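This is data37.csv (CSV, C-alpha atoms and all ligand atoms).
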chain,number,residue,atom,x,y,z
X,1,MET,CA,63.8,66.2,90.3
X,2,PHE,CA,63.5,70.0,90.3
X,3,GLU,CA,61.0,70.1,87.4
X,4,GLU,CA,58.4,71.6,89.7
X,5,LEU,CA,60.6,74.6,90.4
X,6,LYS,CA,60.6,77.6,88.1
X,7,TYR,CA,64.4,78.0,88.7
X,8,PRO,CA,66.8,75.3,89.9
X,9,VAL,CA,67.9,77.4,92.8
X,10,VAL,CA,67.9,76.4,96.5
X,11,GLN,CA,67.9,79.0,99.3
X,12,ALA,CA,70.3,77.3,101.8
X,13,PRO,CA,68.9,76.4,105.2
X,14,MET,CA,70.6,78.6,107.8
X,15,ALA,CA,70.0,77.6,111.4
X,16,GLY,CA,69.9,80.1,114.3
X,17,GLY,CA,66.7,82.0,113.6
X,18,LEU,CA,68.2,83.9,110.7
X,19,ILE,CA,65.5,83.1,108.2
X,20,SER,CA,61.8,83.4,109.0
X,21,ALA,CA,58.9,81.3,107.7
X,22,ASP,CA,57.8,84.3,105.7
X,23,PHE,CA,61.2,84.5,104.0
X,24,VAL,CA,61.1,80.8,103.1
X,25,ALA,CA,57.6,81.2,101.6
X,26,GLN,CA,58.6,84.3,99.6
X,27,VAL,CA,61.5,82.4,98.1
X,28,SER,CA,59.4,79.4,97.2
X,29,ASN,CA,56.6,81.6,95.8
X,30,PHE,CA,59.2,83.2,93.5
X,31,GLY,CA,59.9,79.8,92.0
X,32,PHE,CA,63.1,78.7,93.9
X,33,LEU,CA,63.2,76.1,96.7
X,34,GLY,CA,63.0,77.9,100.1
X,35,SER,CA,64.5,76.0,103.1
X,36,VAL,CA,63.5,75.7,106.7
X,37,ALA,CA,66.5,75.1,108.9
X,38,GLY,CA,65.5,72.5,111.5
X,39,GLY,CA,68.9,72.6,113.3
X,40,TYR,CA,68.6,73.1,117.1
X,41,LEU,CA,64.8,73.5,116.9
X,42,SER,CA,62.5,71.4,119.1
X,43,VAL,CA,59.8,69.3,117.3
X,44,ASP,CA,57.2,71.9,118.3
X,45,GLU,CA,59.2,74.9,117.1
X,46,LEU,CA,59.9,73.1,113.8
X,47,ARG,CA,56.3,72.1,113.3
X,48,GLN,CA,55.2,75.7,113.9
X,49,MET,CA,57.6,77.0,111.4
X,50,ILE,CA,56.6,74.4,108.8
X,51,ARG,CA,53.0,75.3,109.3
X,52,GLN,CA,53.8,79.1,109.0
X,53,VAL,CA,55.5,78.4,105.6
X,54,LYS,CA,52.6,76.3,104.4
X,55,ALA,CA,50.2,79.1,105.3
X,56,LYS,CA,52.0,81.4,102.9
X,57,THR,CA,52.9,79.1,100.0
X,58,THR,CA,51.6,76.1,98.2
X,59,ASN,CA,54.9,75.7,96.4
X,60,PRO,CA,57.4,73.1,97.6
X,61,PHE,CA,60.0,73.9,100.2
X,62,LEU,CA,62.8,72.0,101.9
X,63,VAL,CA,63.3,71.1,105.6
X,64,ASN,CA,66.9,70.6,106.7
X,65,ILE,CA,67.7,68.2,109.5
X,66,PHE,CA,70.9,67.9,111.5
X,67,ILE,CA,72.0,64.3,112.1
X,68,PHE,CA,73.6,64.1,115.5
X,69,GLY,CA,73.4,60.4,116.3
X,70,ASP,CA,73.3,59.2,119.9
X,71,LEU,CA,73.5,62.2,122.3
X,72,SER,CA,72.4,60.3,125.5
X,73,GLU,CA,75.8,60.9,127.2
X,74,ILE,CA,75.8,64.7,126.9
X,75,GLU,CA,72.2,65.9,126.6
X,76,ASN,CA,70.0,67.0,129.5
X,77,THR,CA,73.1,67.4,131.8
X,78,THR,CA,75.2,70.3,132.9
X,79,HIS,CA,78.9,70.5,132.0
X,80,PRO,CA,81.7,72.7,133.2
X,81,LYS,CA,82.2,75.8,131.0
X,82,PRO,CA,85.8,76.1,129.7
X,83,GLN,CA,87.7,78.8,131.5
X,84,SER,CA,88.5,80.4,128.1
X,85,VAL,CA,84.8,80.9,127.5
X,86,GLN,CA,84.2,82.2,131.0
X,87,GLU,CA,87.0,84.8,130.6
X,88,LEU,CA,85.4,86.1,127.4
X,89,GLU,CA,82.0,86.2,129.1
X,90,ARG,CA,83.5,88.5,131.8
X,91,LEU,CA,83.9,91.1,129.1
X,92,PHE,CA,80.1,91.4,129.1
X,93,THR,CA,79.0,90.4,132.7
X,94,ASP,CA,80.2,90.1,136.3
X,95,GLN,CA,77.9,87.0,136.8
X,96,VAL,CA,79.4,84.2,134.8
X,97,ASN,CA,77.7,80.8,135.1
X,98,PRO,CA,80.6,78.3,135.4
X,99,GLU,CA,78.3,75.6,133.9
X,100,PHE,CA,76.2,75.1,130.8
X,101,SER,CA,73.6,72.5,129.8
X,102,VAL,CA,72.8,70.7,126.6
X,103,PRO,CA,69.1,70.4,125.9
X,104,VAL,CA,67.4,67.2,124.7
X,105,LEU,CA,67.3,67.4,121.0
X,106,PRO,CA,64.7,65.6,118.8
X,107,SER,CA,65.7,62.2,117.6
X,108,GLU,CA,65.9,61.3,113.9
X,109,ASP,CA,62.6,59.4,114.3
X,110,GLU,CA,60.9,62.4,115.6
X,111,TYR,CA,62.1,64.6,112.8
X,112,VAL,CA,61.1,61.9,110.2
X,113,ASN,CA,57.6,61.5,111.6
X,114,LEU,CA,57.2,65.3,111.7
X,115,VAL,CA,58.1,66.0,108.1
X,116,ILE,CA,55.8,63.1,107.0
X,117,GLU,CA,52.9,64.4,109.1
X,118,GLU,CA,53.4,67.9,107.7
X,119,GLY,CA,53.5,66.7,104.1
X,120,VAL,CA,57.0,68.2,103.4
X,121,LYS,CA,58.3,67.3,99.9
X,122,TYR,CA,62.0,67.8,100.2
X,123,VAL,CA,64.3,67.0,103.2
X,124,SER,CA,68.0,67.4,103.4
X,125,SER,CA,70.4,66.1,106.0
X,126,THR,CA,73.5,67.8,107.4
X,127,PHE,CA,76.4,66.4,109.5
X,128,GLY,CA,75.4,62.9,108.5
X,129,PHE,CA,72.8,60.9,106.6
X,130,PHE,CA,69.6,59.2,107.6
X,131,LEU,CA,69.5,55.6,108.8
X,132,PRO,CA,68.3,53.2,106.1
X,133,LYS,CA,64.9,52.7,107.9
X,134,SER,CA,64.4,56.5,107.9
X,135,VAL,CA,65.3,56.7,104.2
X,136,ASP,CA,62.7,54.0,103.4
X,137,LYS,CA,60.0,55.7,105.4
X,138,LEU,CA,60.6,59.1,103.8
X,139,LYS,CA,60.8,57.7,100.3
X,140,SER,CA,57.6,55.6,100.8
X,141,LYS,CA,55.9,59.0,101.3
X,142,ASN,CA,57.4,60.3,98.1
X,143,ILE,CA,59.6,62.7,100.0
X,144,LYS,CA,62.9,63.6,98.2
X,145,VAL,CA,65.8,62.9,100.4
X,146,ILE,CA,68.9,65.0,99.8
X,147,ALA,CA,72.3,64.6,101.5
X,148,SER,CA,74.8,67.4,102.2
X,149,CYS,CA,78.3,66.1,101.5
X,150,SER,CA,81.8,67.5,101.6
X,151,SER,CA,83.8,64.5,100.2
X,152,MET,CA,83.5,61.8,97.5
X,153,SER,CA,83.3,59.0,100.1
X,154,GLU,CA,80.3,60.8,101.7
X,155,VAL,CA,78.7,61.1,98.3
X,156,ASN,CA,79.1,57.3,97.7
X,157,HIS,CA,77.9,56.4,101.2
X,158,CYS,CA,74.7,58.5,100.9
X,159,ILE,CA,73.8,57.3,97.4
X,160,ALA,CA,74.3,53.7,98.5
X,161,ARG,CA,71.8,54.4,101.3
X,162,GLY,CA,69.3,55.8,98.8
X,163,ALA,CA,69.8,59.6,98.7
X,164,ASP,CA,67.8,61.1,95.8
X,165,ALA,CA,70.2,64.0,95.3
X,166,ILE,CA,73.4,65.3,96.7
X,167,ILE,CA,74.5,68.8,97.8
X,168,PHE,CA,78.2,69.3,97.0
X,169,GLN,CA,79.4,71.9,99.5
X,170,ARG,CA,82.5,73.8,98.2
X,171,SER,CA,85.2,75.0,100.6
X,172,GLU,CA,84.2,78.7,100.1
X,173,ALA,CA,80.8,78.0,101.7
X,174,GLY,CA,79.7,80.1,104.7
X,175,GLY,CA,78.6,78.1,107.7
X,176,HIS,CA,79.5,74.7,108.9
X,177,LYS,CA,81.1,72.1,106.7
X,178,SER,CA,78.1,70.0,106.2
X,179,GLY,CA,79.8,66.6,105.8
X,180,PHE,CA,80.4,64.0,108.4
X,181,THR,CA,84.0,63.0,107.7
X,182,ASN,CA,86.9,65.3,108.2
X,183,ILE,CA,87.6,65.7,104.5
X,184,ILE,CA,86.6,69.0,103.0
X,185,PHE,CA,86.3,69.5,99.2
X,186,SER,CA,89.3,71.2,97.8
X,187,ASP,CA,88.9,73.8,95.0
X,188,SER,CA,88.9,71.0,92.4
X,189,ILE,CA,85.2,70.6,92.8
X,190,PHE,CA,84.7,70.3,89.0
X,191,GLY,CA,87.1,67.3,88.9
X,192,LEU,CA,85.3,65.6,91.8
X,193,PHE,CA,82.0,66.4,90.2
X,194,LYS,CA,83.1,64.7,87.0
X,195,GLN,CA,84.0,61.6,88.9
X,196,ALA,CA,80.7,61.6,90.8
X,197,LYS,CA,78.8,62.0,87.5
X,198,ILE,CA,80.5,59.0,86.0
X,199,LEU,CA,79.8,56.9,89.1
X,200,HIS,CA,76.3,58.1,89.6
X,201,PRO,CA,75.0,59.4,86.2
X,202,ASN,CA,71.4,59.6,87.2
X,203,VAL,CA,71.7,61.3,90.6
X,204,PRO,CA,71.0,65.1,90.6
X,205,PHE,CA,73.8,67.2,92.1
X,206,ILE,CA,73.3,70.6,93.8
X,207,VAL,CA,76.4,72.8,94.2
X,208,ALA,CA,76.8,75.2,97.1
X,209,GLY,CA,79.4,77.5,98.5
X,210,GLY,CA,80.6,80.9,97.5
X,211,ILE,CA,78.4,81.2,94.5
X,212,LEU,CA,77.5,84.7,93.3
X,213,PRO,CA,74.2,85.2,91.4
X,214,ILE,CA,76.1,86.1,88.3
X,215,GLU,CA,78.1,82.8,88.5
X,216,ILE,CA,75.0,80.6,88.5
X,217,PRO,CA,75.0,79.9,84.7
X,218,ASN,CA,78.6,78.6,84.9
X,219,PHE,CA,77.6,75.9,87.4
X,220,LEU,CA,74.5,74.9,85.4
X,221,ALA,CA,76.6,74.8,82.2
X,222,ALA,CA,79.0,72.5,84.0
X,223,LYS,CA,75.9,70.2,84.4
X,224,PHE,CA,75.1,70.7,88.1
X,225,ASN,CA,71.3,70.3,88.3
X,226,ALA,CA,70.8,73.1,90.8
X,227,VAL,CA,72.7,75.7,92.9
X,228,GLN,CA,72.3,76.5,96.6
X,229,LEU,CA,73.0,80.0,97.9
X,230,GLY,CA,73.3,80.9,101.5
X,231,SER,CA,75.1,84.1,102.3
X,232,ALA,CA,73.5,86.0,99.3
X,233,PHE,CA,70.1,85.4,100.9
X,234,LEU,CA,71.4,86.1,104.4
X,235,LEU,CA,72.5,89.6,103.4
X,236,THR,CA,69.0,90.6,102.1
X,237,HIS,CA,67.1,93.1,104.1
X,238,GLU,CA,64.4,90.6,105.2
X,239,SER,CA,66.8,88.2,106.9
X,240,ASN,CA,67.2,88.4,110.7
X,241,LEU,CA,70.9,89.1,110.4
X,242,SER,CA,71.7,91.8,113.0
X,243,LYS,CA,72.6,95.3,111.9
X,244,CYS,CA,75.9,94.9,113.7
X,245,ALA,CA,76.8,91.7,111.8
X,246,ARG,CA,75.6,93.1,108.5
X,247,GLU,CA,77.9,96.2,108.9
X,248,VAL,CA,80.9,94.0,109.8
X,249,ILE,CA,80.3,91.7,106.8
X,250,LEU,CA,80.1,94.6,104.4
X,251,LYS,CA,83.4,96.0,105.5
X,252,PRO,CA,86.7,94.5,104.4
X,253,HIS,CA,87.3,91.3,106.5
X,254,GLU,CA,88.8,87.9,106.4
X,255,THR,CA,87.1,84.6,107.0
X,256,VAL,CA,88.5,81.5,108.5
X,257,VAL,CA,87.6,77.8,108.9
X,258,SER,CA,87.7,76.9,112.5
X,259,LYS,CA,86.3,74.4,115.1
X,260,VAL,CA,86.8,76.6,118.2
X,261,ILE,CA,83.2,78.0,118.4
X,262,THR,CA,81.1,74.9,117.9
X,263,GLY,CA,83.6,72.0,117.8
X,264,ARG,CA,83.0,71.5,114.1
X,265,ASN,CA,84.7,73.1,111.1
X,266,ALA,CA,82.8,76.1,110.0
X,267,ARG,CA,83.7,79.3,108.0
X,268,TRP,CA,83.5,82.3,110.3
X,269,LEU,CA,84.3,85.9,109.9
X,270,LYS,CA,87.6,86.4,111.6
X,271,ASN,CA,87.5,88.7,114.6
X,272,LYS,CA,88.8,88.8,118.2
X,273,LEU,CA,86.4,86.0,119.3
X,274,LEU,CA,87.9,83.7,116.8
X,275,GLU,CA,91.5,84.8,117.6
X,276,ARG,CA,91.0,84.4,121.4
X,277,LEU,CA,89.3,81.1,121.2
X,278,SER,CA,91.9,79.8,118.8
X,279,LEU,CA,94.6,80.3,121.5
X,280,ALA,CA,92.5,78.4,124.1
X,281,THR,CA,93.6,75.0,125.1
X,282,ASP,CA,90.4,73.9,126.9
X,283,VAL,CA,87.8,74.0,124.1
X,284,TYR,CA,85.6,70.9,123.9
X,285,LYS,CA,86.3,68.6,121.0
X,286,THR,CA,82.8,67.1,121.0
X,287,PRO,CA,80.8,69.3,118.6
X,288,LEU,CA,77.6,69.9,120.5
X,289,LEU,CA,79.4,70.5,123.8
X,290,GLN,CA,81.5,73.3,122.4
X,291,HIS,CA,78.4,74.7,120.6
X,292,TYR,CA,76.4,74.9,123.8
X,293,ALA,CA,79.5,76.0,125.9
X,294,THR,CA,79.9,79.1,123.7
X,295,LEU,CA,76.2,79.8,123.1
X,296,GLU,CA,75.7,82.2,126.1
X,297,LEU,CA,78.9,84.1,125.1
X,298,ARG,CA,77.7,84.5,121.6
X,299,ARG,CA,74.3,85.8,122.8
X,300,MET,CA,76.0,88.3,125.1
X,301,ALA,CA,78.2,89.6,122.3
X,302,GLN,CA,75.2,89.8,120.0
X,303,LEU,CA,73.2,91.7,122.6
X,304,ALA,CA,76.1,94.1,123.2
X,305,GLU,CA,76.4,94.6,119.4
X,306,SER,CA,80.1,93.9,119.8
X,307,PRO,CA,81.7,93.6,116.3
X,308,ASP,CA,84.8,92.1,117.8
X,309,TYR,CA,83.1,89.3,119.5
X,310,ILE,CA,79.9,88.4,117.6
X,311,ALA,CA,80.1,85.1,115.8
X,312,ILE,CA,79.3,85.4,112.1
X,313,LEU,CA,79.0,82.4,109.8
X,314,ILE,CA,79.6,83.7,106.3
X,315,SER,CA,80.9,82.9,102.8
X,316,GLU,CA,84.4,83.6,101.7
X,317,LYS,CA,82.8,85.6,98.9
X,318,ALA,CA,80.6,87.8,101.2
X,319,GLN,CA,82.3,91.0,100.3
X,320,GLN,CA,81.2,90.6,96.7
X,321,LEU,CA,77.6,90.3,97.8
X,322,LYS,CA,75.0,93.1,98.3
X,323,SER,CA,72.7,94.0,101.1
X,324,GLN,CA,69.5,94.4,99.1
X,325,PRO,CA,65.7,93.6,99.3
X,326,LEU,CA,64.9,89.9,98.9
X,327,SER,CA,62.8,90.7,95.8
X,328,ASP,CA,65.8,92.3,94.1
X,329,LEU,CA,68.0,89.3,94.8
X,330,CYS,CA,65.4,87.0,93.4
X,331,LEU,CA,65.1,89.1,90.3
X,332,GLU,CA,68.9,89.3,90.0
X,333,ILE,CA,69.1,85.5,90.2
X,334,ALA,CA,66.2,85.0,87.7
X,335,LYS,CA,68.0,87.4,85.3
X,336,SER,CA,71.1,85.3,85.4
X,337,PHE,CA,69.0,82.6,83.6
X,338,ASP,CA,68.0,85.0,80.8
X,339,ASP,CA,71.5,86.2,80.1
Z,401,LIG,C1,74.7,81.6,108.6
Z,401,LIG,C2,74.7,80.3,108.0
Z,401,LIG,C3,74.0,79.2,108.6
Z,401,LIG,C4,74.0,78.0,108.0
Z,401,LIG,N1,73.3,77.0,108.5
Z,401,LIG,C5,73.1,75.8,107.9
Z,401,LIG,C6,72.2,74.8,108.3
Z,401,LIG,O1,71.5,75.0,109.3
Z,401,LIG,N2,72.1,73.7,107.6
Z,401,LIG,C7,72.9,73.4,106.5
Z,401,LIG,O2,72.7,72.4,105.8
Z,401,LIG,N3,73.7,74.4,106.0
Z,401,LIG,C8,73.9,75.5,106.7
Z,401,LIG,N4,74.7,76.5,106.2
Z,401,LIG,C9,75.5,76.2,105.0
Z,401,LIG,C10,74.7,76.4,103.7
Z,401,LIG,O3,73.7,75.4,103.6
Z,401,LIG,C11,75.5,76.4,102.4
Z,401,LIG,O4,76.3,75.3,102.3
Z,401,LIG,C12,76.4,77.6,102.3
Z,401,LIG,O5,75.8,78.7,102.9
Z,401,LIG,C13,76.5,78.0,100.9
Z,401,LIG,O6,77.5,78.8,100.8
Z,401,LIG,P1,77.4,80.4,100.6
Z,401,LIG,O7,76.9,80.9,102.0
Z,401,LIG,O8,78.8,80.8,100.3
Z,401,LIG,O9,76.3,80.7,99.6
Z,401,LIG,C14,74.7,77.8,106.8
Z,401,LIG,C15,75.4,78.8,106.2
Z,401,LIG,C16,75.4,80.1,106.7
Z,401,LIG,C17,76.1,81.2,106.1
Please lay out the structure from this file as structure tokens.
Amino acid sequence: MFEELKYPVVQAPMAGGLISADFVAQVSNFGFLGSVAGGYLSVDELRQMIRQVKAKTTNPFLVNIFIFGDLSEIENTTHPKPQSVQELERLFTDQVNPEFSVPVLPSEDEYVNLVIEEGVKYVSSTFGFFLPKSVDKLKSKNIKVIASCSSMSEVNHCIARGADAIIFQRSEAGGHKSGFTNIIFSDSIFGLFKQAKILHPNVPFIVAGGILPIEIPNFLAAKFNAVQLGSAFLLTHESNLSKCAREVILKPHETVVSKVITGRNARWLKNKLLERLSLATDVYKTPLLQHYATLELRRMAQLAESPDYIAILISEKAQQLKSQPLSDLCLEIAKSFDD
């Protein structure tokens, strides 16, 4: 499945404007699979980004799509902002808006039509998997459909629905737990992988989460078909990670898996924001509601360059990573194949 890549390496999709189209194209031009993060983008924004990537590379790249299901009850409406979030916003402004709104997000159909129209070759899903009719439509256009999973039951479900490949996300991974059940892979990933390989011997598996460039050969030797790296790419000079976030990541810190910022389990750098929200009793349990409830606060903290309150999704292994030019990271990864 990854024969057309020079190296079986995927640059993880990272939503939130952290990775530009130029960045994705550079990664794909180097011979890895660059990824466009579709999460939270409108159809027009995503189309524009895909076209910008296509203008800079003829190599394949991936588009990642969040599967949110039916949002009709929460989108396009205003909701009361939790007092806990309002209190934190008062650290940055006197004019706190007691409400927030959830925009209308693209439907699965809109995303599927978009990637088909734009001739994308690889699509991955996060927080769920495509409906059978979407899988059929994508596969009829020879698009490779990849599912991000965090448990064995998710792997079985996605393969039964026609997934061409599976991303196994390990618990060390930075960012959200990509799966759609509440089970998170434990450290015995190799055991689970062995089971998965017995059940699905012909399905390619991509492993993600806390992988350092130097460790890539170990995962390929264990018969994973490809590796996906997120935080290593995020720390390169060319990402849009803020200076403040970069400095905090490179200093000693702890990370924590928590739902308090977005309503979904994600690995965050532990700071006052995480600590204060963890004590709150009024956070929304519905994922997208808490995401949009805290969005303004996160923007304020970012603008104020406040290391205690910026929200940083990052790998458990981040302190072992380097802040370096993207070309150096690509060469370092390529070298791990020669050694
Ligand atoms: C800042 C950040 C944003 C992320 N956004 C996404 C996303 O939009 N879609 C997705 O499937 N995974 C996302 N992830 C998770 C990655 O795809 C991947 O599983 C993880 O980053 C790999 O672990 P690593 O960061 O330890 O290399 C994100 C991770 C980070 C660090």
Would you mind listing what lies within 9 Å of X:Leu18 as a ChimeraX atom specification, with only C-alpha atoms counted and same-chain residues fewer than 2 positions away left out?
/X:14-16,20,234,239-242
Taking C-alpha atoms for each residue, export the selection above as an mmCIF file, in the frame of the given file.
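Once everything was written out, this is selection-v1.cif:
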data_model
loop_
_atom_site.group_PDB
_atom_site.id
_atom_site.type_symbol
_atom_site.label_atom_id
_atom_site.label_comp_id
_atom_site.auth_asym_id
_atom_site.auth_seq_id
_atom_site.Cartn_x
_atom_site.Cartn_y
_atom_site.Cartn_z
ATOM 1 C CA MET X 14 70.600 78.600 107.800
ATOM 2 C CA ALA X 15 70.000 77.600 111.400
ATOM 3 C CA GLY X 16 69.900 80.100 114.300
ATOM 4 C CA SER X 20 61.800 83.400 109.000
ATOM 5 C CA LEU X 234 71.400 86.100 104.400
ATOM 6 C CA SER X 239 66.800 88.200 106.900
ATOM 7 C CA ASN X 240 67.200 88.400 110.700
ATOM 8 C CA LEU X 241 70.900 89.100 110.400
ATOM 9 C CA SER X 242 71.700 91.800 113.000
#
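With only C-alpha atoms and all ligand atoms as the atoms that count, the residue of X:Gln320, X:Gln169, X:Ser140, X:Thr78 with the shortest distance to ligand LIG 401 (chain Z) is X:Gln169.
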For atom CA of X:Lys137 and atom CA of X:Cys158, the interatomic separation in Å (one decimal):
15.6 Å
Would you be able to write out as a ChimeraX atom specification which residues have an atom within 7 Å of (81.8, 71.5, 110.1) in the file's coordinates, counting all atoms listed in the file?
/X:176-179,264-266
Within 8 Å of ligand LIG 401 (chain Z), which residues show up when you count all atoms listed in the file? List them as a PyMOL selection string, please.
chain X and resi 12-16+18+37-39+64-66+124-127+148+169-170+172-178+208-212+228-234+312-318
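One finds atom CA of X:Asp308 at 21.1 Å from atom CA of X:Lys81.
Minimum atom-to-atom distances from X:Leu289, X:Val155, X:Ile167, X:Leu138 to X:Thr181 were compared using all atoms listed in the file, and the lowest value belongs to X:Val155.
Distance cut-off 8 Å, centre (86.7, 84.8, 106.8), atoms counted only C-alpha atoms; the residues meeting this are His253, Glu254, Thr255, Val256, Val257, Arg267, Trp268, Leu269, Lys270, Ile314, Ser315 and Glu316 of chain X.
Nearest-residue note for X:Ala334: choosing from X:Tyr292, X:Tyr122, X:Phe32, X:Phe219, the minimum distance belongs to X:Phe32, counting all atoms listed in the file.
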Taking all atoms listed in the file into account, name the residue in X:Val115, X:Ile214, X:Val203, X:Val260 that is nearest to X:Ile333.
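The answer is X:Ile214, which sits nearest to X:Ile333.
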